[in-house]
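K.L.:
Got a structure for you, written out below as structure tokens; questions coming shortly.
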Protein chains: 2
Amino acid sequence: MPSSRAGHYCVVVGDGLLSPRSPVIASALGGQRALLVTTPTVARLYAASFDALAREQQISYDTLILACDEAHKTLAKVEIICARALDLQIERRGVLIALGGGICSDLVGVAASMIRRGIAHVRIPTTLIAQIDAGIGIKAAVNFGAKKSFLGSFYPPGAVIVDPAFLGSTSPRMLCHGLSEILKIAIVRDARLFDLVADHHAQLVRSRFQHPMEPGRQIIALAIQDMLDELAPNLYEDQTYERRVDFGHTFSPLFEAMSAFTIPHGDAVSLDMALTVNIAAELGYLSDVHRVAILDTLAAVGLPVHHPVMTADVCVGAMMATLAHRDGRLNLVLPTSVGQSTFWPDVIPTRVLEDALARLPHGGRGRRMPLRRPAEAGDVDTGEVVSAPRAAAMR
Amino acid sequence: MPSSRAGHYCVVVGDGLLSPRSPVIASALGGQRALLVTTPTVARLYAASFDALAREQQISYDTLILACDEAHKTLAKVEIICARALDLQIERRGVLIALGGGICSDLVGVAASMIRRGIAHVRIPTTLIAQIDAGIGIKAAVNFGAKKSFLGSFYPPGAVIVDPAFLGSTSPRMLCHGLSEILKIAIVRDARLFDLVADHHAQLVRSRFQHPMEPGRQIIALAIQDMLDELAPNLYEDQTYERRVDFGHTFSPLFEAMSAFTIPHGDAVSLDMALTVNIAAELGYLSDVHRVAILDTLAAVGLPVHHPVMTADVCVGAMMATLAHRDGRLNLVLPTSVGQSTFWPDVIPTRVLEDALARLPHGGRGRRMPLRRPAEAGDVDTGEVVSAPRAAAMR
């Protein structure tokens with residue numbers, strides 16, 4: 001018996017989407033009753049604006065405020081959302097709204113996928129990582145037992161509404177984590193995006209992505225478009241195990257776990273990218289100038305490129321764990337230049353791995369190299385920075 | 001952004017599918033590791049057979065035995081399945097098997113839809129109602145708070161394996177409940193199926209569907225095919241709110257709830273069908289001979305056609321509740337003859353409802369009429385039976 005469930009969702013990127021007269025949110029809700037799920041911090045900053053918009057446009061909604069950090073990414077929190085939806089008698093055409101970061105979006109996505117066998121949800125991501133990565137795809141999940149994201153579903157949102165103005169209230173550290181995922185997609189498929197980040201990251205982080213406006217908006221729009229283009233042909237991950245968005249996500253899960261999750265996700269992805277870039281160079285796929293350009297850009301952005309957890313044993317363990325998720329093949333995404341990549345199917349030989357690890361810049365031993373791609377290299381000074389000083393991590 | 005998830009599933013109907021040499025179950029599992037979820041009763045009756053088959057065909061599996069009655073149709077039970085799958089490190093290609101009735105199938109379906117964002121599941125329904133109705137579609141749900149089936153998903157199984165031999169161990173009462181759903185689909189679209197039930201129900205219930213073999217198998221195969229044909233164009237219930245499988249399911253949810261669920265589902269569906277048939281006659285859609293043929297067949301099968309809970313007020317309340325589920329229209333399925341039906345969009349006027357209720361056969365006042373459709377009516381004796389004596393309900 002054939003079965004199919006087709007749908008469309010759009011990602012709207014723009015400024016002022018939360019202003020009282022903007023039609024975007026009302027249009028995404030389609031006149032249906034809504035339950036707004038948000039976090040204490042986001043409610044403090046934006047609940048009044050949302051309420052003004054709702055009053056102006058006669059949006060009927062209720063609010064549920066939930067703590068949304070990794071420890072709360074549980075089925076119990078999902079049940080709280082479901083219970084509120086039941087209390088409010090949200091009908092099959094009702095809509096859940098996730099106003100917050102990636103975890104808020106995950107909790108709401110899982111709840112929406114289950115309530116009355118699936119109701120609509122709209123995401124309004126407020127962090128950079130959620131705006132360009134976590135909030136863009138169709139995956140939603142919660143942790144279960146000791147297993148991260150063990151329970152969830154592939155469940156497309158009705159719409160994703162991205163307003164860079166929200167970034168004005170996030171921390172520099174969270175912006176760096178977002179830039180880590182932006183560099184991920186840039187390195188494997190978009191040289192122009194890489195250059196924009198290399199050229200403007202310092203000002204953008206200082207200004208919380210508000211200045212310079214044009215490149216900031218371009219970076220977000222390109223990163224989202226790249227992500228959508230990568231996801232679209234394999235949205236349910238049932239077409240292929242060769243996924244370029246897996247770059248930076250082969251070794252990083254074990255780095256996070258081995259550090260008892262003291263290494264934030266964006267940092268772990270950066271560590272994985274640095275190692276993989278060295279592997280690509282060892283295997284002869286990536287020239288040394290490109291290798292160093294990537295490592296230096298990661299470091300300049302303030303992302304780590306080395307950590308004591310990165311031993312050969314841990315990396316071999318990570319590869320073994322990955323084989324199970326990718327149907328018996330590693331499918332490691334190897335950059336072949338900045339903006340291009342290929343797949344390496346098999347486990348990386350231990351000697352290659354050891355050499356790649358040894359060539360990571362430890363402490364003050366990073367090399368001084370231009371940040372830009374060699375073809376357009378200028379005289380940008382990057383110094384010997386390996387990892388910039390950090391603000392306290394928010395999560 | 002376009003998104004779609006397409007899949008196929010097949011329903012295999014046959015005898016001896018649990019015998020050690022039958023290839024059907026192994027083929028459905030496709031060589032993957034499995035977690036068999038079943039109930040204490042079914043395990044007692046069939047676990048040894050399943051194990052013999054698994055040994056013969058080198059199926060790698062573990063077993064989880066769960067009490068599966070309506071009170072246990074909860075997210076907590078789903079979590080027990082998920083926890084076992086996590087313990088056993090069931091991978092993304094692993095398979096859950098539901099060996100049991102409709103509730104077992106619901107719990108397994110919800111768990112499968114969530115584990116690693118969706119793994120495969122195979123249903124082996126052991127009750128008549130699960131074999132021809134609950135286990136055939138793609139809906140799975142659990143109760144939540146006071147709300148029946150509030151949480152769940154549309155999640156196609158990998159395969160449904162239907163072996164009428166399982167019915168040999170079910171009670172006559174459970175067979176009657178299955179026949180209620182079979183009559184539902186027969187009345188709205190399949191006169192031949194109706195005739196087969198009318199002709200053979202007594203022997204089939206007596207023999208637990210084992211004799212006469214041919215009509216028993218035909219009834220099951222036709223009922224499944226009818227169900228699949230009805231579901232296919234609207235599998236996710238997002239194409240239309242006109243669903244012929246909703247026959248018998250407009251007033252019955254409130255009948256069940258008002259009786260504090262002492263009226264079993266199959267009985268409630270029968271009450272709803274009896275009332276709706278009278279409404280169809282009142283509205284001039286159904287001739288009196290067809291009306292009486294249907295009522296008498298329900299009664300002869302041992303299904304109730306009247307109950308004190310059926311007041312005009314309750315029926316009006318049920319219609320109001322239904323409007324919300326069917327997007328503001330009632331879309332009541334009205335039989336126009338045995339095997340044909342149409343939709344009535346609007347709320348039924350109270351006077352029509354009252355007349356329809358008044359014409360239900362109360363106690364000894366049922367009319368003596370042929371069981372078969374008028375065109376082929378014989379001289380079958382149906383007596384004045386309204387509701388046959390029952391065995392103790394199994395759930």
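Residues are referred to by chain and number: the chain letter is A, B, ... according to the order shown in the structure tokens, the number counts from 1 in that chain, and ligands are numbered separately from 1 in the order shown.
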Taking only C-alpha atoms into account, produce a table as JSON lines in which each residue of stretch 64-151 of chain A with an atom at most 12 Å from an atom of stretch 127-142 of chain B appears once, together with its shortest atom pair and the distance in Å to one decimal, ordered by chain and rising number.
P.N.:
```
{"residue": "A:Ser113", "atom": "CA", "partner": "B:Ala141", "partner_atom": "CA", "distance": 11.6}
{"residue": "A:Met114", "atom": "CA", "partner": "B:Ala141", "partner_atom": "CA", "distance": 8.4}
{"residue": "A:Ile115", "atom": "CA", "partner": "B:Ala141", "partner_atom": "CA", "distance": 9.5}
{"residue": "A:Arg116", "atom": "CA", "partner": "B:Ala141", "partner_atom": "CA", "distance": 8.4}
{"residue": "A:Arg117", "atom": "CA", "partner": "B:Ala141", "partner_atom": "CA", "distance": 7.2}
{"residue": "A:Gly118", "atom": "CA", "partner": "B:Ala141", "partner_atom": "CA", "distance": 10.8}
```
K.L.:
Would you output that residue set with N, CA, C and O atoms, as a short mmCIF file (atom, residue, chain, number, x, y, z; two decimals), in the first residue's frame?
P.N.:
```cif
data_model
loop_
_atom_site.label_atom_id
_atom_site.label_comp_id
_atom_site.auth_asym_id
_atom_site.auth_seq_id
_atom_site.Cartn_x
_atom_site.Cartn_y
_atom_site.Cartn_z
N SER A 113 4.38 17.08 16.94
CA SER A 113 4.31 15.84 16.14
C SER A 113 3.36 14.83 16.77
O SER A 113 2.86 13.94 16.08
N MET A 114 3.11 14.95 18.08
CA MET A 114 2.30 13.94 18.76
C MET A 114 0.86 14.38 19.05
O MET A 114 -0.03 13.55 19.11
N ILE A 115 0.65 15.67 19.30
CA ILE A 115 -0.68 16.13 19.71
C ILE A 115 -1.69 15.87 18.60
O ILE A 115 -1.50 16.31 17.47
N ARG A 116 -2.73 15.16 18.93
CA ARG A 116 -3.76 14.79 17.95
C ARG A 116 -3.15 14.21 16.68
O ARG A 116 -3.58 14.49 15.57
N ARG A 117 -2.08 13.42 16.86
CA ARG A 117 -1.33 12.79 15.76
C ARG A 117 -0.69 13.81 14.83
O ARG A 117 -0.45 13.55 13.66
N GLY A 118 -0.40 14.99 15.36
CA GLY A 118 0.33 15.97 14.57
C GLY A 118 -0.45 17.24 14.30
O GLY A 118 -1.41 17.24 13.54
#
```
K.L.:
Within 8 Å of chain B, which residues of chain A are there when counting only C-alpha atoms? Please give them as number ranges by chain.
P.N.:
A: 1-11, 83, 91-92, 113-118, 139-141, 145, 149-154, 156, 228, 232, 235-236, 324-325
K.L.:
Please produce a file of those selected residues containing N, CA and C atoms, as a tab-separated table (two decimals), in the first residue's frame.
P.N.:
```
chain	number	residue	atom	x	y	z
A	1	MET	N	0.84	-1.20	0.00
A	1	MET	CA	0.00	0.00	0.00
A	1	MET	C	0.88	1.25	0.00
A	2	PRO	N	0.64	2.14	-0.93
A	2	PRO	CA	1.47	3.35	-0.97
A	2	PRO	C	1.07	4.31	0.15
A	3	SER	N	2.03	5.01	0.66
A	3	SER	CA	1.70	6.05	1.64
A	3	SER	C	2.64	7.21	1.42
A	4	SER	N	2.15	8.39	1.60
A	4	SER	CA	3.04	9.53	1.51
A	4	SER	C	2.48	10.70	2.28
A	5	ARG	N	3.35	11.53	2.77
A	5	ARG	CA	2.91	12.72	3.46
A	5	ARG	C	3.78	13.84	2.90
A	6	ALA	N	3.17	14.70	2.13
A	6	ALA	CA	3.94	15.76	1.51
A	6	ALA	C	3.56	17.08	2.15
A	7	GLY	N	4.47	18.00	2.18
A	7	GLY	CA	4.15	19.30	2.73
A	7	GLY	C	5.19	20.29	2.26
A	8	HIS	N	4.98	21.53	2.56
A	8	HIS	CA	5.94	22.55	2.23
A	8	HIS	C	6.13	23.39	3.47
A	9	TYR	N	7.32	23.89	3.65
A	9	TYR	CA	7.46	24.91	4.68
A	9	TYR	C	8.39	25.97	4.15
A	10	CYS	N	8.21	27.19	4.63
A	10	CYS	CA	9.08	28.24	4.14
A	10	CYS	C	9.84	28.84	5.30
A	11	VAL	N	11.01	29.33	4.98
A	11	VAL	CA	11.84	30.03	5.95
A	11	VAL	C	11.82	31.50	5.54
A	83	ALA	N	0.11	18.75	27.86
A	83	ALA	CA	-0.92	18.94	28.87
A	83	ALA	C	-1.55	20.33	28.73
A	91	GLU	N	-7.24	22.62	19.07
A	91	GLU	CA	-7.82	21.65	18.14
A	91	GLU	C	-6.79	21.24	17.08
A	92	ARG	N	-7.23	20.38	16.18
A	92	ARG	CA	-6.32	19.82	15.20
A	92	ARG	C	-5.70	20.88	14.29
A	113	SER	N	4.38	17.08	16.94
A	113	SER	CA	4.31	15.84	16.14
A	113	SER	C	3.36	14.83	16.77
A	114	MET	N	3.11	14.95	18.08
A	114	MET	CA	2.30	13.94	18.76
A	114	MET	C	0.86	14.38	19.05
A	115	ILE	N	0.65	15.67	19.30
A	115	ILE	CA	-0.68	16.13	19.71
A	115	ILE	C	-1.69	15.87	18.60
A	116	ARG	N	-2.73	15.16	18.93
A	116	ARG	CA	-3.76	14.79	17.95
A	116	ARG	C	-3.15	14.21	16.68
A	117	ARG	N	-2.08	13.42	16.86
A	117	ARG	CA	-1.33	12.79	15.76
A	117	ARG	C	-0.69	13.81	14.83
A	118	GLY	N	-0.40	14.99	15.36
A	118	GLY	CA	0.33	15.97	14.57
A	118	GLY	C	-0.45	17.24	14.30
A	139	LYS	N	14.08	17.93	11.88
A	139	LYS	CA	14.29	16.98	12.97
A	139	LYS	C	13.96	17.62	14.32
A	140	ALA	N	13.29	16.86	15.15
A	140	ALA	CA	13.03	17.29	16.52
A	140	ALA	C	13.24	16.07	17.40
A	141	ALA	N	13.88	16.28	18.56
A	141	ALA	CA	14.13	15.13	19.42
A	141	ALA	C	14.37	15.56	20.85
A	145	GLY	N	16.99	8.57	28.78
A	145	GLY	CA	18.02	7.83	29.50
A	145	GLY	C	19.32	8.59	29.33
A	149	SER	N	19.05	12.81	22.15
A	149	SER	CA	18.15	12.82	20.99
A	149	SER	C	17.70	11.43	20.56
A	150	PHE	N	17.43	10.56	21.55
A	150	PHE	CA	17.04	9.18	21.21
A	150	PHE	C	15.59	9.11	20.71
A	151	LEU	N	14.74	10.00	21.24
A	151	LEU	CA	13.32	9.97	20.85
A	151	LEU	C	12.92	11.25	20.11
A	152	GLY	N	12.20	11.11	19.04
A	152	GLY	CA	11.76	12.30	18.32
A	152	GLY	C	11.16	11.92	16.98
A	153	SER	N	11.20	12.87	16.06
A	153	SER	CA	10.65	12.55	14.75
A	153	SER	C	11.16	13.51	13.69
A	154	PHE	N	10.91	13.15	12.46
A	154	PHE	CA	11.10	14.07	11.36
A	154	PHE	C	9.75	14.76	11.17
A	156	PRO	N	8.12	18.37	9.72
A	156	PRO	CA	8.33	19.71	9.16
A	156	PRO	C	7.52	20.78	9.89
A	228	LEU	N	19.21	24.46	3.48
A	228	LEU	CA	18.00	23.95	2.82
A	228	LEU	C	18.37	23.14	1.57
A	232	ALA	N	17.21	19.28	1.39
A	232	ALA	CA	16.02	18.99	0.57
A	232	ALA	C	16.02	17.60	-0.08
A	235	LEU	N	15.59	14.79	2.98
A	235	LEU	CA	14.98	15.43	4.14
A	235	LEU	C	14.74	14.46	5.28
A	236	TYR	N	14.36	13.23	4.94
A	236	TYR	CA	14.08	12.24	5.97
A	236	TYR	C	15.26	11.30	6.21
A	324	ALA	N	27.71	2.72	12.77
A	324	ALA	CA	26.35	2.21	13.02
A	324	ALA	C	25.29	3.19	12.53
A	325	HIS	N	25.57	4.50	12.66
A	325	HIS	CA	24.58	5.50	12.25
A	325	HIS	C	24.55	5.71	10.76
```
K.L.:
When DSSP is applied to the backbone of this structure, which of stretch 91-243 of chain A are assigned alpha helix (DSSP H)? Write them out as an NGL selection string.
P.N.:
:A and (102-114 or 128-129 or 172-189 or 191-206 or 213-231)
K.L.:
Store the residues of this selection in a file with C-alpha atoms, as a compact mmCIF listing (two decimals), in the first residue's frame.
P.N.:
```
# COMPACT_ATOMS: atom_id res chain seq x y z
CA GLY A 102 17.19 25.02 19.45
CA ILE A 103 16.03 23.16 22.56
CA CYS A 104 12.76 25.10 22.73
CA SER A 105 12.27 24.25 19.08
CA ASP A 106 13.01 20.56 19.75
CA LEU A 107 10.52 20.33 22.63
CA VAL A 108 7.82 22.09 20.63
CA GLY A 109 8.53 20.02 17.52
CA VAL A 110 8.18 16.73 19.40
CA ALA A 111 4.99 17.91 21.13
CA ALA A 112 3.47 19.14 17.85
CA SER A 113 4.31 15.84 16.14
CA MET A 114 2.30 13.94 18.76
CA LEU A 128 22.19 32.18 15.74
CA ILE A 129 22.64 28.40 15.85
CA PRO A 172 29.27 36.59 22.00
CA ARG A 173 29.87 32.96 22.98
CA MET A 174 26.55 31.85 21.54
CA LEU A 175 27.27 33.77 18.37
CA CYS A 176 30.59 31.92 18.06
CA HIS A 177 28.75 28.61 18.33
CA GLY A 178 26.47 29.75 15.55
CA LEU A 179 29.47 30.75 13.45
CA SER A 180 30.87 27.27 13.97
CA GLU A 181 27.86 25.76 12.17
CA ILE A 182 28.00 28.50 9.53
CA LEU A 183 31.65 27.69 8.86
CA LYS A 184 30.69 24.02 8.68
CA ILE A 185 28.37 24.58 5.74
CA ALA A 186 30.67 27.22 4.19
CA ILE A 187 33.72 24.95 4.18
CA VAL A 188 31.95 22.05 2.49
CA ARG A 189 30.03 24.02 -0.14
CA ALA A 191 33.45 29.76 -0.50
CA ARG A 192 31.62 33.09 -0.64
CA LEU A 193 30.03 32.46 2.74
CA PHE A 194 33.44 31.50 4.14
CA ASP A 195 34.93 34.78 2.93
CA LEU A 196 32.09 36.81 4.41
CA VAL A 197 32.65 35.19 7.80
CA ALA A 198 36.42 35.58 7.57
CA ASP A 199 36.05 39.26 6.69
CA HIS A 200 33.34 40.34 9.11
CA HIS A 201 33.19 37.99 12.11
CA ALA A 202 34.95 40.32 14.53
CA GLN A 203 32.66 43.29 13.94
CA LEU A 204 29.59 41.08 13.78
CA VAL A 205 30.29 39.39 17.10
CA ARG A 206 31.11 42.75 18.73
CA MET A 213 24.18 45.07 8.56
CA GLU A 214 24.55 43.96 4.97
CA PRO A 215 27.17 41.20 5.36
CA GLY A 216 25.49 40.05 8.58
CA ARG A 217 22.18 39.54 6.79
CA GLN A 218 23.94 37.95 3.82
CA ILE A 219 25.74 35.45 6.04
CA ILE A 220 22.48 34.35 7.64
CA ALA A 221 20.59 34.14 4.35
CA LEU A 222 23.38 32.18 2.61
CA ALA A 223 23.83 29.79 5.52
CA ILE A 224 20.08 29.04 5.57
CA GLN A 225 19.91 28.60 1.80
CA ASP A 226 22.92 26.28 1.85
CA MET A 227 21.35 24.24 4.62
CA LEU A 228 18.00 23.95 2.82
CA ASP A 229 19.74 22.95 -0.42
CA GLU A 230 21.67 20.25 1.39
CA LEU A 231 18.68 18.91 3.31
```
K.L.:
Would you pick out the contacts of B:Ala120 at 7 Å or less, using only C-alpha atoms, so that residues sharing its chain but fewer than 4 positions from it are not included, and give the list as a ChimeraX atom specification?
P.N.:
/B:94-96,112,157-158
K.L.:
Would you write out those residues with all heavy atoms, as a PDB file, in the first residue's frame?
P.N.:
```pdb
ATOM      1  N   GLY B  94      16.754  -1.440  13.194  1.00  0.00           N
ATOM      2  CA  GLY B  94      16.064  -2.443  13.986  1.00  0.00           C
ATOM      3  C   GLY B  94      14.555  -2.357  13.795  1.00  0.00           C
ATOM      4  O   GLY B  94      14.043  -1.387  13.238  1.00  0.00           O
ATOM      5  N   VAL B  95      13.866  -3.394  14.251  1.00  0.00           N
ATOM      6  CA  VAL B  95      12.421  -3.486  14.021  1.00  0.00           C
ATOM      7  C   VAL B  95      11.701  -3.825  15.324  1.00  0.00           C
ATOM      8  O   VAL B  95      12.157  -4.678  16.076  1.00  0.00           O
ATOM      9  CB  VAL B  95      12.107  -4.605  12.986  1.00  0.00           C
ATOM     10  CG1 VAL B  95      10.622  -4.638  12.667  1.00  0.00           C
ATOM     11  CG2 VAL B  95      12.922  -4.417  11.714  1.00  0.00           C
ATOM     12  N   LEU B  96      10.593  -3.140  15.591  1.00  0.00           N
ATOM     13  CA  LEU B  96       9.709  -3.556  16.680  1.00  0.00           C
ATOM     14  C   LEU B  96       8.610  -4.436  16.084  1.00  0.00           C
ATOM     15  O   LEU B  96       8.125  -4.168  14.983  1.00  0.00           O
ATOM     16  CB  LEU B  96       9.066  -2.347  17.368  1.00  0.00           C
ATOM     17  CG  LEU B  96       9.977  -1.299  18.002  1.00  0.00           C
ATOM     18  CD1 LEU B  96       9.133  -0.275  18.764  1.00  0.00           C
ATOM     19  CD2 LEU B  96      10.998  -1.927  18.928  1.00  0.00           C
ATOM     20  N   ALA B 112       7.753   3.076  18.016  1.00  0.00           N
ATOM     21  CA  ALA B 112       8.547   2.988  16.781  1.00  0.00           C
ATOM     22  C   ALA B 112       8.649   4.345  16.100  1.00  0.00           C
ATOM     23  O   ALA B 112       9.687   4.702  15.543  1.00  0.00           O
ATOM     24  CB  ALA B 112       7.926   1.958  15.825  1.00  0.00           C
ATOM     25  N   PRO B 157       3.296   1.023   9.196  1.00  0.00           N
ATOM     26  CA  PRO B 157       4.091  -0.134   9.589  1.00  0.00           C
ATOM     27  C   PRO B 157       4.911  -0.623   8.395  1.00  0.00           C
ATOM     28  O   PRO B 157       4.619  -0.275   7.251  1.00  0.00           O
ATOM     29  CB  PRO B 157       3.027  -1.168   9.948  1.00  0.00           C
ATOM     30  CG  PRO B 157       1.866  -0.826   9.073  1.00  0.00           C
ATOM     31  CD  PRO B 157       1.892   0.680   8.923  1.00  0.00           C
ATOM     32  N   GLY B 158       5.938  -1.421   8.689  1.00  0.00           N
ATOM     33  CA  GLY B 158       6.674  -2.063   7.605  1.00  0.00           C
ATOM     34  C   GLY B 158       5.805  -3.111   6.930  1.00  0.00           C
ATOM     35  O   GLY B 158       5.811  -3.262   5.709  1.00  0.00           O
TER      36      GLY B 158
END
```
K.L.:
Write out as a list in words all residues of stretch 131-283 of chain B that DSSP puts in strand (DSSP E or B) for this structure's backbone.
P.N.:
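DSSP-assigned strand (DSSP E or B) residues in stretch 131-283 of chain B: Lys139, Ala140, Ala141, Val142, Asn143, Phe144, Lys147, Lys148, Ser149, Phe150, Leu151, Gly152, Ser153, Phe154, Ala159, Val160, Ile161 and Val162 of chain B.
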K.L.:
Please identify all polymer residues within 7 Å of stretch 17-28 of chain A, counting only C-alpha atoms, omitting same-chain residues fewer than 5 positions from it, and present them as a PyMOL selection string.
P.N.:
chain A and resi 49-50+52-53+56+59+159+163
K.L.:
Within 8 Å of B:Leu271, counting only C-alpha atoms, which residues show up once you throw out same-chain ones fewer than 6 positions away? Write them as a compact mmCIF listing (two decimals) with N, CA and C atoms, in the first residue's frame, please.
P.N.:
```
# COMPACT_ATOMS: atom_id res chain seq x y z
N GLY B 248 -20.44 4.86 12.03
CA GLY B 248 -20.43 4.21 13.35
C GLY B 248 -19.51 4.89 14.35
N SER B 252 -20.70 7.25 18.73
CA SER B 252 -20.15 6.21 19.62
C SER B 252 -19.12 6.72 20.62
N PRO B 304 -25.52 -4.86 20.22
CA PRO B 304 -26.67 -4.10 20.71
C PRO B 304 -27.11 -3.05 19.70
N VAL B 305 -28.39 -2.78 19.63
CA VAL B 305 -28.91 -1.72 18.77
C VAL B 305 -29.66 -0.66 19.59
N HIS B 306 -29.64 -0.80 20.89
CA HIS B 306 -30.23 0.22 21.74
C HIS B 306 -29.57 0.18 23.12
N HIS B 307 -29.48 1.37 23.75
CA HIS B 307 -28.88 1.44 25.08
C HIS B 307 -29.42 2.69 25.75
```
K.L.:
Find the residues around A:Leu35 up to 9 Å (only C-alpha atoms counted), leave out those fewer than 2 positions away in its own chain, and share them as an MDAnalysis selection string.
P.N.:
chainID A and resid 33 37 60:64 81 84:85 88 90 94:98
